[in-house]
Amino acid sequence: KGPDPDLVAIAERMATVKHKILILSGKGGVGKSTFSAQLSFALASLDFQVGLLDIDICGPSIPKMLGLEGQDIHQSNLGWSPIYVESNLGVMSVGFMLPNPDEAVIWRGPRKNGLIKQFLKDVHWGELDFLVVDAPPGTSDEHISIVQFLQATGIDGAIIVTTPQQVSLIDVRKEVSFCKKVGVEVLGVVENMSGLSQPLTDFKFMKAGEHGEQVDVTKAVLDCMREKAPELLELVAFTEVFDSSAGGAAEMCQEMGVPFLGKVPLDPQLCKAAEEGRSCFEGQSCRVSAPVLRGMIEKL
Ligand code: ADP
C-alpha cells in the first residue's frame, strides 16, 4: 500500500509554510481565538507572511471577531483563497463555509476530520512564514487529526492559552500531557485575562444613593481630580480579577517544566474591538506584548 494521497497533498501544500503553530486551550472562552488573532496581527506587523486558520468547527469565532462574517470563499485552480485582512495576513475559517452563523454544527468525528483535511490540503496560502492554527478547546478528534495530518511536515509547537483561574489551569495540564503524548513541543503558556488594566478616566465611579440605588458620580470625581490633582488623571488602574494567591500559570509552568510566555490583561478595548468585528485597533499596537512574541519566536 502506497502513502496516503491526502497526506501527500497536505505535505505538498505545507511545503511553502515555514512555521506551523497550534493555539490550544483546555476550556472555551479563555481567549484562545482572541490570542490567535492578536498573535497573527503582531506577526504580520513584523512583516512576516501570516496565515490564520480557524478549525473550531463547533464554534468558529474568528470571522465575527475580524468582521468577516458573510464573506464568500473564492476558489481558483490553485485552491481556496484565504480572505486577506492585511496584505500579508490571510484568514481561513470553517465559519466561511457555514450557510448560517447561528446554525449549530453537529458533526461526528469523521466529518470534522474530513473538513480539517480539506482545509490543510486545499487552501492556497502561498509562501508563509507562520501558519497560526486556532484549534477547538480541549483535546478531541480535531486535535488528533491535525497533529496526524501535519506529521509529515511537522508542527513547530503549541501555545496554550489559559486564564488565571484554577479551573482553567487544571486543564492546561491536560493540554501539556496531550502535547507530550503526540510529540508536539509546548512553546509556552499564555495567561490571558490576567488582571484588569484600565486608564482611570475610563472607569465609571458609582455611589450608593439614599434608597440603595446606584448613582453615577463619575463626572464629579473626575472634575474634582482635574481641579485638585490633575496628574492623577494619567494613572492606569490595575486590579487582580481572579484570586492570584495560588501563583497562577507562571508557577504551574515552572512545576511542569514548560515555558511561561507571559500575561495579557483583561482589556475592555480589546473586548470591544472583537465585539464590533474590528480586525485590529486602528493606529494602535496589538495586545500581544513584545516579550510574549519574542519568547515564542526565539523558541522556533
Ligand atoms: P476562546 O477562543 O478561548 O473560546 P475568545 O477568544 O472567543 O475565547 O474570547 C472569549 C471572549 O472574551 C470574547 O468576547 C473576547 O473578546 C473576550 N476576551 C478574550 N481575551 C480578552 C482580553 N484579554 N481582554 C478582554 N476581553 C477578552
# chains A, B, ... in the order shown; residues from 1 in each chain; ligands from 1

$ closest_atom_pairs --of "stretch 130-156 of chain A" --to "stretch 29-46 of chain A" --cutoff "8 Å" --atoms "only C-alpha atoms" --output "Markdown table"
| residue | atom | partner | partner_atom | distance |
| --- | --- | --- | --- | --- |
| A:Val132 | CA | A:Ser36 | CA | 6.7 |
| A:Val133 | CA | A:Ser36 | CA | 7.5 |
| A:Asp134 | CA | A:Ser36 | CA | 6.0 |

$ select_by_dssp --residues "stretch 164-282 of chain A" --states "strand (DSSP E)" --output "short mmCIF file (atom, residue, chain, number, x, y, z; two decimals) with C-alpha atoms, in the first residue's frame"
data_model
loop_
_atom_site.label_atom_id
_atom_site.label_comp_id
_atom_site.auth_asym_id
_atom_site.auth_seq_id
_atom_site.Cartn_x
_atom_site.Cartn_y
_atom_site.Cartn_z
CA VAL A 186 4.92 23.22 24.06
CA LEU A 187 6.26 26.62 23.00
CA GLY A 188 4.71 28.09 26.10
CA VAL A 189 1.67 29.04 28.12
CA VAL A 190 0.00 32.45 27.98
CA GLU A 191 -2.09 33.69 30.90
CA ASN A 192 -4.92 35.71 29.41
CA MET A 193 -7.38 37.95 31.28
CA SER A 194 -4.72 38.25 33.90
CA GLY A 195 -5.92 41.23 35.90
CA LEU A 196 -7.65 44.30 34.57
CA SER A 197 -5.68 47.29 33.45
CA GLN A 198 -7.57 50.42 32.52
CA PRO A 199 -6.92 54.16 32.41
CA MET A 206 -20.65 54.71 41.44
CA LYS A 207 -22.04 55.53 44.86
CA ALA A 208 -24.99 54.11 46.77
CA GLN A 214 -26.51 53.20 42.27
CA VAL A 215 -25.68 56.79 41.43
CA ASP A 216 -23.13 57.63 38.77
CA VAL A 236 -3.72 53.44 34.84
CA ALA A 237 -5.52 51.34 37.41
CA PHE A 238 -4.65 47.67 37.71
CA THR A 239 -6.63 45.14 39.64
CA PHE A 260 5.72 30.67 30.58
CA LEU A 261 5.34 33.23 27.82
CA GLY A 262 3.62 35.99 29.72
CA LYS A 263 0.39 37.66 30.73
CA VAL A 264 -2.23 39.50 28.70
CA PRO A 265 -4.51 41.65 30.90
CA LEU A 266 -8.26 41.88 30.57
#

$ select_by_dssp --residues "stretch 103-197 of chain A" --states "alpha helix (DSSP H)" --output "JSON, numbers by chain"
{"A": [109, 110, 111, 112, 113, 114, 115, 116, 117, 118, 119, 120, 121, 122, 141, 142, 143, 144, 145, 146, 147, 148, 149, 150, 166, 167, 168, 169, 170, 171, 172, 173, 174, 175, 176, 177, 178, 179, 180, 181, 182]}

$ write_last_selection --atoms "N, CA and C atoms" --output "compact mmCIF listing (two decimals), in the first residue's frame"
# COMPACT_ATOMS: atom_id res chain seq x y z
N GLY A 109 -17.01 12.86 14.37
CA GLY A 109 -15.57 12.92 14.13
C GLY A 109 -15.14 12.82 12.68
N PRO A 110 -15.58 11.79 11.94
CA PRO A 110 -15.06 11.63 10.58
C PRO A 110 -15.34 12.83 9.68
N ARG A 111 -16.52 13.45 9.87
CA ARG A 111 -16.84 14.59 9.03
C ARG A 111 -15.96 15.79 9.39
N LYS A 112 -15.74 15.96 10.68
CA LYS A 112 -14.86 17.05 11.13
C LYS A 112 -13.46 16.83 10.57
N ASN A 113 -12.99 15.58 10.70
CA ASN A 113 -11.65 15.28 10.20
C ASN A 113 -11.54 15.54 8.71
N GLY A 114 -12.63 15.22 8.00
CA GLY A 114 -12.64 15.42 6.55
C GLY A 114 -12.46 16.89 6.22
N LEU A 115 -13.14 17.74 6.97
CA LEU A 115 -13.06 19.18 6.69
C LEU A 115 -11.67 19.72 7.03
N ILE A 116 -11.13 19.28 8.14
CA ILE A 116 -9.79 19.74 8.52
C ILE A 116 -8.77 19.32 7.46
N LYS A 117 -8.93 18.10 7.00
CA LYS A 117 -8.03 17.59 5.97
C LYS A 117 -8.12 18.47 4.73
N GLN A 118 -9.38 18.80 4.38
CA GLN A 118 -9.60 19.61 3.19
C GLN A 118 -8.96 21.00 3.34
N PHE A 119 -9.13 21.57 4.52
CA PHE A 119 -8.53 22.88 4.78
C PHE A 119 -7.01 22.84 4.56
N LEU A 120 -6.40 21.80 5.12
CA LEU A 120 -4.93 21.71 5.03
C LEU A 120 -4.47 21.43 3.61
N LYS A 121 -5.33 20.72 2.88
CA LYS A 121 -4.96 20.29 1.52
C LYS A 121 -5.25 21.38 0.49
N ASP A 122 -6.38 22.06 0.68
CA ASP A 122 -6.91 22.87 -0.42
C ASP A 122 -6.75 24.37 -0.31
N ASP A 141 -11.05 14.86 18.77
CA ASP A 141 -10.77 14.35 17.42
C ASP A 141 -9.98 15.33 16.56
N GLU A 142 -10.43 16.60 16.60
CA GLU A 142 -9.81 17.59 15.73
C GLU A 142 -8.32 17.73 16.02
N HIS A 143 -7.98 17.65 17.30
CA HIS A 143 -6.57 17.84 17.67
C HIS A 143 -5.71 16.68 17.21
N ILE A 144 -6.26 15.48 17.42
CA ILE A 144 -5.50 14.30 17.00
C ILE A 144 -5.35 14.35 15.48
N SER A 145 -6.43 14.74 14.79
CA SER A 145 -6.38 14.80 13.32
C SER A 145 -5.32 15.77 12.85
N ILE A 146 -5.36 16.96 13.38
CA ILE A 146 -4.45 17.97 12.82
C ILE A 146 -3.00 17.58 13.07
N VAL A 147 -2.74 17.00 14.23
CA VAL A 147 -1.37 16.57 14.51
C VAL A 147 -0.96 15.46 13.53
N GLN A 148 -1.89 14.53 13.31
CA GLN A 148 -1.61 13.43 12.39
C GLN A 148 -1.39 13.94 10.97
N PHE A 149 -2.29 14.83 10.55
CA PHE A 149 -2.22 15.32 9.17
C PHE A 149 -0.95 16.12 8.91
N LEU A 150 -0.49 16.79 9.96
CA LEU A 150 0.68 17.64 9.75
C LEU A 150 1.99 16.94 10.09
N GLN A 166 -8.09 28.49 38.67
CA GLN A 166 -7.72 27.09 38.85
C GLN A 166 -8.44 26.17 37.87
N VAL A 167 -9.73 26.43 37.63
CA VAL A 167 -10.48 25.54 36.73
C VAL A 167 -9.86 25.50 35.34
N SER A 168 -9.29 26.62 34.94
CA SER A 168 -8.66 26.65 33.63
C SER A 168 -7.24 26.08 33.70
N LEU A 169 -6.55 26.39 34.79
CA LEU A 169 -5.17 25.91 34.94
C LEU A 169 -5.09 24.39 34.98
N ILE A 170 -6.07 23.79 35.65
CA ILE A 170 -6.07 22.32 35.75
C ILE A 170 -6.08 21.72 34.34
N ASP A 171 -6.86 22.35 33.46
CA ASP A 171 -6.96 21.81 32.10
C ASP A 171 -5.70 22.04 31.29
N VAL A 172 -4.89 23.01 31.69
CA VAL A 172 -3.62 23.22 30.98
C VAL A 172 -2.75 21.97 31.11
N ARG A 173 -2.82 21.35 32.28
CA ARG A 173 -2.04 20.12 32.49
C ARG A 173 -2.43 19.07 31.46
N LYS A 174 -3.72 18.99 31.19
CA LYS A 174 -4.18 18.00 30.20
C LYS A 174 -3.63 18.32 28.82
N GLU A 175 -3.62 19.63 28.51
CA GLU A 175 -3.11 20.04 27.19
C GLU A 175 -1.61 19.71 27.07
N VAL A 176 -0.89 19.99 28.16
CA VAL A 176 0.56 19.71 28.14
C VAL A 176 0.78 18.22 27.96
N SER A 177 -0.02 17.42 28.67
CA SER A 177 0.21 15.98 28.57
C SER A 177 -0.20 15.47 27.19
N PHE A 178 -1.23 16.09 26.60
CA PHE A 178 -1.60 15.74 25.21
C PHE A 178 -0.42 16.02 24.27
N CYS A 179 0.16 17.20 24.42
CA CYS A 179 1.27 17.57 23.54
C CYS A 179 2.42 16.59 23.69
N LYS A 180 2.71 16.20 24.93
CA LYS A 180 3.81 15.25 25.15
C LYS A 180 3.50 13.93 24.46
N LYS A 181 2.25 13.48 24.61
CA LYS A 181 1.87 12.19 24.03
C LYS A 181 2.00 12.16 22.52
N VAL A 182 1.57 13.27 21.89
CA VAL A 182 1.58 13.27 20.41
C VAL A 182 2.88 13.88 19.85

$ atom_distance --atom1 "atom 22 (C, counted along the ligand's line) of ligand 1" --atom2 "atom CA of A:Ser25"
14.6 Å

$ atom_distance --atom1 "atom 8 (O, counted along the ligand's line) of ligand 1" --atom2 "atom CA of A:Asp56"
10.9 Å

$ residues_around --residues "stretch 81-86 of chain A" --least-positions-apart "3" --cutoff "8 Å" --atoms "only C-alpha atoms" --output "JSON, numbers by chain"
{"A": [44, 73, 74, 75, 76, 89, 90, 91, 92, 123, 124, 125, 279]}

$ atom_distance --atom1 "atom CA of A:Pro60" --atom2 "atom CA of A:Gly95"
5.4 Å

$ residues_around --residues "A:Leu232" --least-positions-apart "3" --cutoff "10 Å" --atoms "only C-alpha atoms" --output "list of chain:residue names"
A:Leu200, A:Thr201, A:Leu222, A:Met225, A:Arg226, A:Lys228, A:Ala229, A:Leu235, A:Val236

$ closest_residue --among "A:Glu298, A:Glu240, A:Asp267, A:Glu12" --to "ligand 1" --atoms "only C-alpha atoms and all ligand atoms"
A:Asp267
